[in-house]
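*Asks:* So here's target_10.txt (compact mmCIF, C-alpha atoms and all ligand atoms).
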```txt
# COMPACT_ATOMS: atom_id res chain seq x y z
CA MET J 1 0.00 0.00 0.00
CA SER J 2 1.63 3.21 -1.16
CA LEU J 3 2.05 6.19 1.16
CA LYS J 4 1.45 9.67 -0.26
CA SER J 5 4.50 11.31 1.19
CA PHE J 6 6.34 14.60 0.97
CA ALA J 7 8.08 14.02 4.29
CA SER J 8 11.53 13.25 2.93
CA ASP J 9 13.37 12.01 -0.10
CA ASN J 10 14.10 8.87 1.88
CA THR J 11 10.47 7.79 1.93
CA SER J 12 10.76 7.02 -1.79
CA GLY J 13 11.71 3.58 -3.01
CA VAL J 14 14.64 2.53 -5.16
CA HIS J 15 15.11 3.50 -8.78
CA PRO J 16 14.38 0.47 -11.00
CA ARG J 17 17.79 0.77 -12.70
CA ILE J 18 19.47 0.58 -9.29
CA LEU J 19 17.53 -2.54 -8.37
CA ALA J 20 18.45 -4.09 -11.72
CA ALA J 21 22.12 -3.27 -11.09
CA MET J 22 21.95 -4.96 -7.70
CA GLU J 23 20.35 -7.99 -9.32
CA ARG J 24 23.18 -8.18 -11.86
CA ALA J 25 25.73 -7.89 -9.05
CA ASN J 26 24.06 -10.86 -7.40
CA ALA J 27 25.66 -13.34 -9.81
CA GLY J 28 27.98 -15.78 -8.06
CA HIS J 29 30.47 -15.10 -5.31
CA ALA J 30 32.83 -12.14 -4.94
CA ARG J 31 35.63 -11.26 -2.56
CA PRO J 32 34.29 -9.49 0.54
CA TYR J 33 35.05 -6.16 2.25
CA GLY J 34 35.63 -4.16 -0.91
CA GLN J 35 38.08 -6.47 -2.66
CA ASP J 36 35.52 -7.23 -5.37
CA PRO J 37 35.57 -6.05 -9.00
CA TYR J 38 32.51 -3.81 -8.47
CA THR J 39 34.24 -1.77 -5.83
CA GLU J 40 37.32 -1.48 -8.06
CA GLN J 41 35.15 -0.25 -10.94
CA ALA J 42 33.30 2.14 -8.64
CA LYS J 43 36.61 3.74 -7.67
CA GLU J 44 37.25 4.48 -11.36
CA VAL J 45 33.77 5.95 -11.78
CA PHE J 46 34.20 8.14 -8.70
CA ALA J 47 37.60 9.29 -9.96
CA ARG J 48 35.97 10.46 -13.19
CA HIS J 49 33.59 12.69 -11.18
CA PHE J 50 35.76 13.79 -8.28
CA GLY J 51 39.33 13.57 -9.59
CA PRO J 52 41.96 10.85 -9.92
CA ASP J 53 43.72 11.26 -6.59
CA ILE J 54 40.78 10.93 -4.20
CA ASP J 55 40.50 8.29 -1.51
CA MET J 56 36.94 6.92 -1.34
CA TYR J 57 35.22 4.59 1.15
CA PHE J 58 31.69 3.20 1.19
CA VAL J 59 29.53 3.16 4.33
CA PHE J 60 25.88 2.37 4.91
CA LEU J 61 24.51 5.54 6.47
CA GLY J 62 24.75 9.27 5.96
CA THR J 63 25.19 9.70 9.69
CA ALA J 64 28.12 7.27 9.62
CA ALA J 65 29.67 9.05 6.64
CA ASN J 66 29.59 12.34 8.54
CA VAL J 67 30.69 10.99 11.89
CA LEU J 68 33.49 8.76 10.65
CA GLY J 69 34.70 11.36 8.15
CA LEU J 70 34.95 13.85 11.01
CA ARG J 71 36.53 11.21 13.24
CA ALA J 72 39.36 10.88 10.72
CA VAL J 73 40.31 14.55 10.91
CA THR J 74 39.73 15.49 14.54
CA ARG J 75 41.13 14.83 18.01
CA PRO J 76 38.97 15.12 21.14
CA TRP J 77 40.18 18.65 21.94
CA HIS J 78 39.10 19.93 18.54
CA SER J 79 35.78 21.50 17.64
CA VAL J 80 33.69 21.23 14.49
CA VAL J 81 32.06 24.50 13.50
CA CYS J 82 28.62 24.00 11.98
CA ALA J 83 25.24 25.62 11.43
CA ASP J 84 22.56 25.50 14.10
CA VAL J 85 20.35 23.52 11.69
CA ALA J 86 23.11 21.12 10.62
CA HIS J 87 22.16 17.45 10.49
CA ILE J 88 25.28 16.69 12.52
CA ASN J 89 23.99 19.03 15.23
CA VAL J 90 20.29 18.22 15.23
CA ASP J 91 19.70 14.76 13.79
CA GLU J 92 22.59 12.51 14.69
CA CYS J 93 21.76 11.88 18.34
CA GLY J 94 25.05 13.35 19.52
CA ALA J 95 27.05 10.77 17.55
CA PRO J 96 29.53 13.33 16.18
CA GLU J 97 30.44 14.40 19.72
CA SER J 98 30.23 10.93 21.18
CA VAL J 99 32.38 9.25 18.51
CA THR J 100 34.89 12.01 17.79
CA GLY J 101 35.04 13.44 21.31
CA SER J 102 35.09 16.87 19.63
CA LYS J 103 32.73 19.66 20.53
CA LEU J 104 30.30 20.95 17.93
CA GLN J 105 30.66 24.71 17.82
CA VAL J 106 27.25 25.84 16.58
CA ILE J 107 26.77 29.15 14.78
CA PRO J 108 23.61 30.74 13.40
CA SER J 109 22.77 30.02 9.78
CA HIS J 110 21.09 32.15 7.15
CA ASP J 111 18.52 30.02 5.33
CA GLY J 112 20.74 27.05 6.20
CA ARG J 113 24.06 28.53 5.06
CA ILE J 114 26.95 29.74 7.19
CA ARG J 115 29.33 32.52 6.18
CA VAL J 116 32.97 33.28 6.84
CA MET J 117 32.00 36.29 8.97
CA ASP J 118 30.07 33.99 11.32
CA VAL J 119 33.19 31.89 11.92
CA VAL J 120 35.61 34.80 12.42
CA PRO J 121 34.60 35.39 16.09
CA LEU J 122 35.82 31.87 16.92
CA LEU J 123 39.38 32.53 15.78
CA HIS J 124 40.41 33.96 19.14
CA MET J 125 40.13 30.44 20.55
CA ILE J 126 42.95 29.10 18.41
CA GLY J 127 46.01 28.39 20.51
CA ASN J 128 44.28 29.06 23.84
CA PHE J 129 44.47 25.84 25.83
CA HIS J 130 41.26 26.59 27.74
CA HIS J 131 39.20 26.26 24.57
CA SER J 132 38.31 23.49 22.15
CA GLN J 133 40.35 24.13 19.05
CA PRO J 134 38.34 24.89 15.89
CA ARG J 135 39.59 22.29 13.44
CA VAL J 136 36.82 21.73 10.91
CA ILE J 137 34.11 23.85 9.33
CA SER J 138 31.24 21.59 8.30
CA ILE J 139 28.64 22.67 5.76
CA THR J 140 25.68 20.85 4.23
CA GLN J 141 25.05 20.92 0.48
CA SER J 142 22.20 21.26 -0.34
CA THR J 143 21.39 22.68 3.09
CA GLU J 144 18.87 21.37 5.60
CA LEU J 145 16.65 24.31 4.56
CA GLY J 146 16.68 23.48 0.86
CA THR J 147 19.13 26.18 -0.18
CA VAL J 148 22.46 25.72 -1.93
CA TYR J 149 25.96 27.14 -1.53
CA SER J 150 27.48 28.53 -4.74
CA PRO J 151 30.99 27.34 -5.66
CA ALA J 152 32.27 30.81 -4.65
CA GLN J 153 30.65 30.60 -1.21
CA ILE J 154 32.23 27.19 -0.64
CA ARG J 155 35.61 28.44 -1.88
CA ALA J 156 35.45 31.39 0.52
CA LEU J 157 34.84 29.04 3.47
CA ALA J 158 37.57 26.65 2.30
CA ASP J 159 40.14 29.43 1.87
CA PHE J 160 39.27 30.85 5.27
CA ALA J 161 39.50 27.40 6.89
CA HIS J 162 42.84 26.62 5.30
CA ALA J 163 44.29 30.03 6.12
CA ASN J 164 43.49 29.35 9.77
CA GLY J 165 44.69 25.76 10.02
CA MET J 166 41.24 24.26 9.61
CA LEU J 167 39.60 21.89 7.14
CA LEU J 168 36.31 22.04 5.24
CA HIS J 169 33.91 19.11 5.59
CA MET J 170 30.80 18.83 3.45
CA ASP J 171 27.71 16.80 4.33
CA GLY J 172 26.68 16.05 0.76
CA ALA J 173 23.69 13.85 1.51
CA ARG J 174 22.00 15.90 -1.24
CA LEU J 175 25.04 17.09 -3.18
CA ALA J 176 23.43 15.79 -6.37
CA ASN J 177 20.47 18.13 -5.90
CA ALA J 178 22.79 21.09 -5.41
CA ALA J 179 24.84 20.27 -8.51
CA ALA J 180 21.64 19.84 -10.53
CA ALA J 181 20.26 23.13 -9.21
CA LEU J 182 23.40 25.06 -10.12
CA ASP J 183 24.07 23.09 -13.30
CA VAL J 184 27.66 22.41 -12.29
CA SER J 185 29.70 19.23 -11.87
CA LEU J 186 30.08 17.37 -8.60
CA ALA J 187 33.76 18.35 -8.63
CA ALA J 188 32.94 22.06 -9.01
CA LEU J 189 31.18 22.02 -5.63
CA THR J 190 33.76 19.89 -3.85
CA ARG J 191 37.31 19.34 -5.06
CA ASP J 192 37.51 22.54 -7.15
CA ALA J 193 35.99 24.60 -4.32
CA GLY J 194 38.47 23.36 -1.72
CA VAL J 195 36.47 20.76 0.21
CA ASP J 196 38.72 18.38 2.16
CA VAL J 197 36.29 15.68 3.29
CA LEU J 198 32.94 14.86 1.71
CA SER J 199 30.01 12.67 2.65
CA PHE J 200 28.44 11.87 -0.71
CA GLY J 201 24.88 10.61 -0.50
CA GLY J 202 23.24 7.93 -2.58
CA THR J 203 20.19 6.91 -0.55
CA LYS J 204 18.23 10.13 -0.99
CA ASN J 205 18.73 10.15 -4.75
CA GLY J 206 17.30 6.74 -5.60
CA MET J 207 19.62 4.14 -4.09
CA MET J 208 18.54 1.47 -1.61
CA PHE J 209 21.39 2.32 0.78
CA GLY J 210 24.96 3.49 0.61
CA GLU J 211 26.99 6.64 1.01
CA ALA J 212 30.63 7.42 0.26
CA VAL J 213 33.25 9.21 2.33
CA ILE J 214 35.67 10.97 0.00
CA PHE J 215 38.98 12.49 1.05
CA PHE J 216 40.51 14.97 -1.38
CA ASN J 217 43.82 14.83 0.44
CA PRO J 218 44.91 11.21 0.98
CA GLU J 219 47.04 12.33 3.94
CA LEU J 220 43.76 12.75 5.84
CA SER J 221 42.53 9.21 5.20
CA ARG J 222 45.59 7.25 6.25
CA GLU J 223 43.78 5.59 9.16
CA PHE J 224 40.28 5.50 7.71
CA ASN J 225 40.26 1.75 7.04
CA PHE J 226 40.58 1.20 10.78
CA ILE J 227 38.15 3.98 11.65
CA ARG J 228 35.50 2.51 9.36
CA LYS J 229 35.93 -1.01 10.76
CA GLN J 230 35.89 0.18 14.35
CA GLY J 231 32.91 2.34 13.41
CA MET J 232 31.08 -0.82 12.30
CA GLN J 233 30.58 0.36 8.73
CA LEU J 234 32.89 -2.05 6.88
CA ILE J 235 30.40 -3.97 4.81
CA SER J 236 31.32 -7.50 3.82
CA LYS J 237 29.06 -7.58 0.73
CA MET J 238 30.32 -4.22 -0.44
CA ARG J 239 29.68 -5.06 -4.08
CA PHE J 240 26.01 -4.18 -3.56
CA ILE J 241 26.82 -0.60 -2.62
CA ALA J 242 29.42 -0.36 -5.37
CA ALA J 243 27.02 -1.65 -8.02
CA GLN J 244 24.43 0.95 -7.04
CA PHE J 245 26.90 3.83 -7.22
CA ILE J 246 28.27 2.64 -10.58
CA GLU J 247 24.75 2.63 -12.00
CA MET J 248 24.04 6.03 -10.49
CA LEU J 249 27.21 7.74 -11.69
CA HIS J 250 28.31 6.11 -14.91
CA ASP J 251 25.88 7.78 -17.32
CA GLY J 252 24.09 10.58 -15.50
CA LEU J 253 21.28 8.82 -13.63
CA TRP J 254 22.29 10.84 -10.55
CA LEU J 255 21.64 14.06 -12.44
CA GLU J 256 18.37 12.93 -13.99
CA ASN J 257 17.06 11.91 -10.57
CA ALA J 258 18.16 15.10 -8.84
CA ARG J 259 16.81 17.32 -11.62
CA ASN J 260 13.42 15.69 -11.34
CA ALA J 261 13.29 16.13 -7.57
CA ASN J 262 14.30 19.80 -7.88
CA ALA J 263 11.83 20.48 -10.70
CA MET J 264 8.99 18.99 -8.67
CA ALA J 265 9.81 21.20 -5.68
CA ARG J 266 9.82 24.25 -7.96
CA LEU J 267 6.50 23.22 -9.44
CA MET J 268 5.04 22.79 -5.97
CA ALA J 269 6.27 26.17 -4.77
CA ASP J 270 5.12 27.95 -7.93
CA SER J 271 1.66 26.40 -7.59
CA LEU J 272 1.33 27.52 -3.96
CA ARG J 273 2.87 30.97 -4.05
CA GLY J 274 0.34 33.74 -3.58
CA LEU J 275 -2.25 31.65 -1.72
CA PRO J 276 -3.49 33.68 1.25
CA HIS J 277 -3.33 30.73 3.68
CA VAL J 278 0.19 29.52 2.76
CA THR J 279 3.52 31.32 3.16
CA ILE J 280 6.59 29.88 1.48
CA THR J 281 9.26 30.61 4.07
CA ARG J 282 12.60 29.73 2.41
CA PRO J 283 14.12 30.12 -1.02
CA VAL J 284 13.30 26.98 -3.03
CA GLU J 285 16.65 26.11 -4.58
CA ALA J 286 16.80 22.30 -4.44
CA ASN J 287 14.16 19.70 -3.57
CA ALA J 288 12.53 21.09 -0.44
CA VAL J 289 9.67 23.52 0.07
CA PHE J 290 9.25 25.13 3.49
CA ALA J 291 5.92 26.77 4.28
CA ARG J 292 3.82 28.12 7.11
CA LEU J 293 0.14 27.15 7.45
CA SER J 294 -2.34 27.17 10.28
CA PRO J 295 -2.19 24.14 12.60
CA GLU J 296 -5.73 23.20 11.50
CA HIS J 297 -4.71 23.18 7.84
CA ILE J 298 -1.60 21.13 8.61
CA ALA J 299 -3.67 18.55 10.47
CA ARG J 300 -6.21 18.35 7.61
CA LEU J 301 -3.47 17.78 5.02
CA GLN J 302 -1.77 15.18 7.18
CA GLN J 303 -4.89 13.05 7.01
CA ASP J 304 -4.06 12.32 3.37
CA PHE J 305 -0.34 13.07 3.03
CA TYR J 306 2.61 12.07 5.15
CA PHE J 307 4.86 14.97 6.23
CA TYR J 308 5.80 16.57 9.51
CA GLU J 309 6.13 19.97 11.03
CA TRP J 310 9.72 21.16 10.78
CA ASP J 311 9.05 23.77 13.44
CA PRO J 312 6.00 22.98 15.59
CA VAL J 313 6.18 26.38 17.27
CA LEU J 314 6.05 28.42 14.05
CA HIS J 315 3.92 25.78 12.27
CA GLU J 316 6.48 25.62 9.53
CA VAL J 317 6.39 22.44 7.47
CA ARG J 318 8.92 20.86 5.13
CA TRP J 319 7.73 19.20 1.95
CA MET J 320 10.35 17.25 0.06
CA THR J 321 10.23 15.87 -3.43
CA SER J 322 12.08 12.83 -4.74
CA PHE J 323 13.58 11.32 -7.86
CA ASP J 324 10.25 9.62 -8.49
CA THR J 325 7.83 12.45 -7.64
CA THR J 326 5.56 13.11 -10.63
CA GLU J 327 3.74 16.24 -11.77
CA GLU J 328 0.53 14.39 -10.98
CA ASP J 329 1.71 13.76 -7.39
CA VAL J 330 2.43 17.47 -7.01
CA ARG J 331 -0.88 18.51 -8.59
CA GLU J 332 -2.85 16.20 -6.30
CA PHE J 333 -1.05 17.70 -3.31
CA THR J 334 -1.27 21.35 -4.33
CA ASP J 335 -4.97 20.92 -5.20
CA ALA J 336 -5.48 19.65 -1.65
CA VAL J 337 -3.60 22.66 -0.24
CA LYS J 338 -5.61 25.06 -2.39
CA ALA J 339 -8.88 23.46 -1.27
CA LEU J 340 -8.08 24.39 2.35
CA GLY J 341 -8.37 28.10 1.60
C1 LIG O 1 21.51 16.67 5.56
C2 LIG O 1 21.55 15.22 5.92
N1 LIG O 1 22.72 14.64 6.20
C3 LIG O 1 22.83 13.35 6.49
C4 LIG O 1 21.72 12.54 6.53
C5 LIG O 1 21.98 11.10 6.82
O1 LIG O 1 21.04 10.33 7.29
P1 LIG O 1 21.02 8.77 7.55
O2 LIG O 1 21.99 8.48 8.64
O3 LIG O 1 19.62 8.56 7.93
O4 LIG O 1 21.40 8.06 6.28
C6 LIG O 1 20.44 13.10 6.28
C7 LIG O 1 19.21 12.29 6.38
O5 LIG O 1 18.14 12.74 6.64
C8 LIG O 1 20.36 14.47 5.97
O6 LIG O 1 19.19 15.06 5.71
```
Starting from the file, give its structure as structure tokens.
*Replies:*
Amino acid sequence: MSLKSFASDNTSGVHPRILAAMERANAGHARPYGQDPYTEQAKEVFARHFGPDIDMYFVFLGTAANVLGLRAVTRPWHSVVCADVAHINVDECGAPESVTGSKLQVIPSHDGRIRVMDVVPLLHMIGNFHHSQPRVISITQSTELGTVYSPAQIRALADFAHANGMLLHMDGARLANAAAALDVSLAALTRDAGVDVLSFGGTKNGMMFGEAVIFFNPELSREFNFIRKQGMQLISKMRFIAAQFIEMLHDGLWLENARNANAMARLMADSLRGLPHVTITRPVEANAVFARLSPEHIARLQQDFYFYEWDPVLHEVRWMTSFDTTEEDVREFTDAVKALG
């Protein structure tokens, strides 16, 4: 029984081509723990997108990609500077702090983005042994509020981080949506913009499971094989993550999926803008629409559609679209919203 959902892009199923790729990878036996031919091929495919000298590791979860990626580049007296709305701050149950031992140094965001000027006030801590030492700036692309950082905004943060002995981490659970929105390559938003460590998401863009941790400086990943195993994310049947990523990346399925999700969010926002009982609250730049409605209207809509209140105090909701959201899905939903007025 299908759920009518705009709650998240992880309520969607798996793209049929991804399932078919997993089925093909299911032939016979293969060496475990990433020593299989699929993982080898995936490394080549990733190198084509992100550059030849990257170091790339598969994990199951986006949370694990973030936490273990940060674990690789921090010591317990470091801090990780991030936005108040960052997934690592809000939605990872304290795992970044618990696993890395490092403090999260939270700063206010502007529609999900942080700026160099918001990090500057933390510089006085550097070298003072009473304070956690800012070591990493972590940003999310696309952001938790459905906005995107331009390559120049990322470059500014990277240059600032590097000039002050810090690194730039990117939670790219929805990097594909950002690249599709800006019509730039995956490398333009990461390697070319100075990102040091990237969590690259697959699950939200049509895979069954699987994320990649990518290091753009192999010096940073020297111990990651041990960190991943100790972090319980070394998958024995790794070929099934590799096969999904190969299918996603080898001929542009990632872009097709992300473009559809973004286009459906734009369609939704355009259909709702101007209604007296709905306020679109954030710029719609990727695949999320944020809006404010009355609590009664939210409850009425939730009888037929699955989504939740992002901010129960302000009655702000988040509606997310997916790789498989259709115009008809959006029309059915926006007709229901219009009928409330
Ligand atoms: C911005 C962001 N980062 C990371 C994740 C990773 O989540 P999970 O651990 O559920 O795969 C999510 C999932 O909602 C997310 O929205």
*Asks:* Using only C-alpha atoms for the distances, tell me which of J:Ala42, J:Ala286, J:Leu249, J:Leu68 is nearest to J:Ser185.
*Replies:* J:Leu249
*Asks:* Which residue is closest to ligand LIG 1 (chain O)? Choose from J:Ser271, J:Ser138, J:Thr100, J:Ser2 and count all atoms listed in the file.
*Replies:*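 Once distances to ligand LIG 1 (chain O) are computed over all atoms listed in the file, the minimum belongs to J:Ser138.
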*Asks:* Neighbours of J:Thr39 within 6 Å (all atoms listed in the file; same-chain residues fewer than 3 positions away dropped), as a PDB file with C-alpha atoms, keeping the file's coordinate frame?
*Replies:*
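Saved result, result_38.pdb, follows:
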```pdb
ATOM      1  CA  GLY J  34      35.630  -4.160  -0.910  1.00  0.00           C
ATOM      2  CA  ASP J  36      35.520  -7.230  -5.370  1.00  0.00           C
ATOM      3  CA  ALA J  42      33.300   2.140  -8.640  1.00  0.00           C
ATOM      4  CA  ARG J 239      29.680  -5.060  -4.080  1.00  0.00           C
ATOM      5  CA  ALA J 242      29.420  -0.360  -5.370  1.00  0.00           C
TER       6      ALA J 242
END
```
*Asks:* With stretch 217-229 of chain J as the partner and 12 Å as the cut-off, tabulate the residues of stretch 97-182 of chain J that qualify, each row holding the nearest pair of atoms and their distance in Å to one decimal, using all atoms listed in the file, sorted by chain and rising number, as a tab-separated table.
*Replies:*
```
residue	atom	partner	partner_atom	distance
J:Val99	CA	J:Ile227	CA	10.4
J:Thr100	CA	J:Ile227	CA	10.6
J:Leu167	CA	J:Leu220	CA	10.1
J:Leu168	CA	J:Asn217	CA	11.5
J:His169	CA	J:Leu220	CA	11.7
```
*Asks:* List all protein, DNA and RNA residues that have at least one atom no more than 7 Å from any atom of ligand LIG 1 (chain O), counting all atoms listed in the file, and write them as number ranges by chain.
*Replies:* J: 61-64, 86-87, 140, 143-144, 171-174
*Asks:* Point out the residue among J:Asp111, J:Asp159, J:Asp84, J:Asp55 with the least atom-to-atom distance to J:Ala212, counting all atoms listed in the file.
*Replies:*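 Ranked by minimum distance to J:Ala212, first place goes to J:Asp55.
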*Asks:* Write out as a short mmCIF file (atom, residue, chain, number, x, y, z; two decimals) with C-alpha atoms, in the frame of the given file each polymer residue whose atoms come within 12 Å of J:Leu186, counting all atoms listed in the file; drop sequence neighbours fewer than 3 positions from it.
*Replies:*
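Below is the file out.cif, written as the result:
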```cif
data_model
loop_
_atom_site.label_atom_id
_atom_site.label_comp_id
_atom_site.auth_asym_id
_atom_site.auth_seq_id
_atom_site.Cartn_x
_atom_site.Cartn_y
_atom_site.Cartn_z
CA PHE J 46 34.20 8.14 -8.70
CA ALA J 47 37.60 9.29 -9.96
CA ARG J 48 35.97 10.46 -13.19
CA HIS J 49 33.59 12.69 -11.18
CA PHE J 50 35.76 13.79 -8.28
CA GLY J 51 39.33 13.57 -9.59
CA GLN J 141 25.05 20.92 0.48
CA PRO J 151 30.99 27.34 -5.66
CA GLY J 172 26.68 16.05 0.76
CA ARG J 174 22.00 15.90 -1.24
CA LEU J 175 25.04 17.09 -3.18
CA ALA J 176 23.43 15.79 -6.37
CA ASN J 177 20.47 18.13 -5.90
CA ALA J 178 22.79 21.09 -5.41
CA ALA J 179 24.84 20.27 -8.51
CA ALA J 180 21.64 19.84 -10.53
CA ALA J 181 20.26 23.13 -9.21
CA LEU J 182 23.40 25.06 -10.12
CA ASP J 183 24.07 23.09 -13.30
CA LEU J 189 31.18 22.02 -5.63
CA THR J 190 33.76 19.89 -3.85
CA ARG J 191 37.31 19.34 -5.06
CA ASP J 192 37.51 22.54 -7.15
CA ALA J 193 35.99 24.60 -4.32
CA VAL J 195 36.47 20.76 0.21
CA LEU J 198 32.94 14.86 1.71
CA PHE J 200 28.44 11.87 -0.71
CA GLY J 201 24.88 10.61 -0.50
CA LEU J 249 27.21 7.74 -11.69
CA GLY J 252 24.09 10.58 -15.50
CA TRP J 254 22.29 10.84 -10.55
CA LEU J 255 21.64 14.06 -12.44
#
```
*Asks:* Is there a way to get, as a tab-separated table (two decimals) with C-alpha atoms, in the frame of the given file, all residues within 7 Å of the point (24.2, -7.6, -7.1) in file coordinates, counting all atoms listed in the file?
*Replies:*
```
chain	number	residue	atom	x	y	z
J	21	ALA	CA	22.12	-3.27	-11.09
J	22	MET	CA	21.95	-4.96	-7.70
J	23	GLU	CA	20.35	-7.99	-9.32
J	24	ARG	CA	23.18	-8.18	-11.86
J	25	ALA	CA	25.73	-7.89	-9.05
J	26	ASN	CA	24.06	-10.86	-7.40
J	27	ALA	CA	25.66	-13.34	-9.81
J	239	ARG	CA	29.68	-5.06	-4.08
J	240	PHE	CA	26.01	-4.18	-3.56
J	243	ALA	CA	27.02	-1.65	-8.02
```
*Asks:* Between J:Ala161, J:Ala291, J:Ile235, J:Val81, single out the one closest to J:Ser109, counting all atoms listed in the file.
*Replies:*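 Of the candidates, the smallest distance to J:Ser109 is held by J:Val81.
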*Asks:* So what do you get for atom CA of J:Leu3 versus atom CA of J:Ile298, distance-wise?
*Replies:*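 Computing the Euclidean distance for atom CA of J:Leu3 and atom CA of J:Ile298 yields 17.1 Å.
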*Asks:* Work out how far atom CA of J:Phe323 is from atom CA of J:Gly146, in Å to one decimal.
*Replies:* 15.3 Å
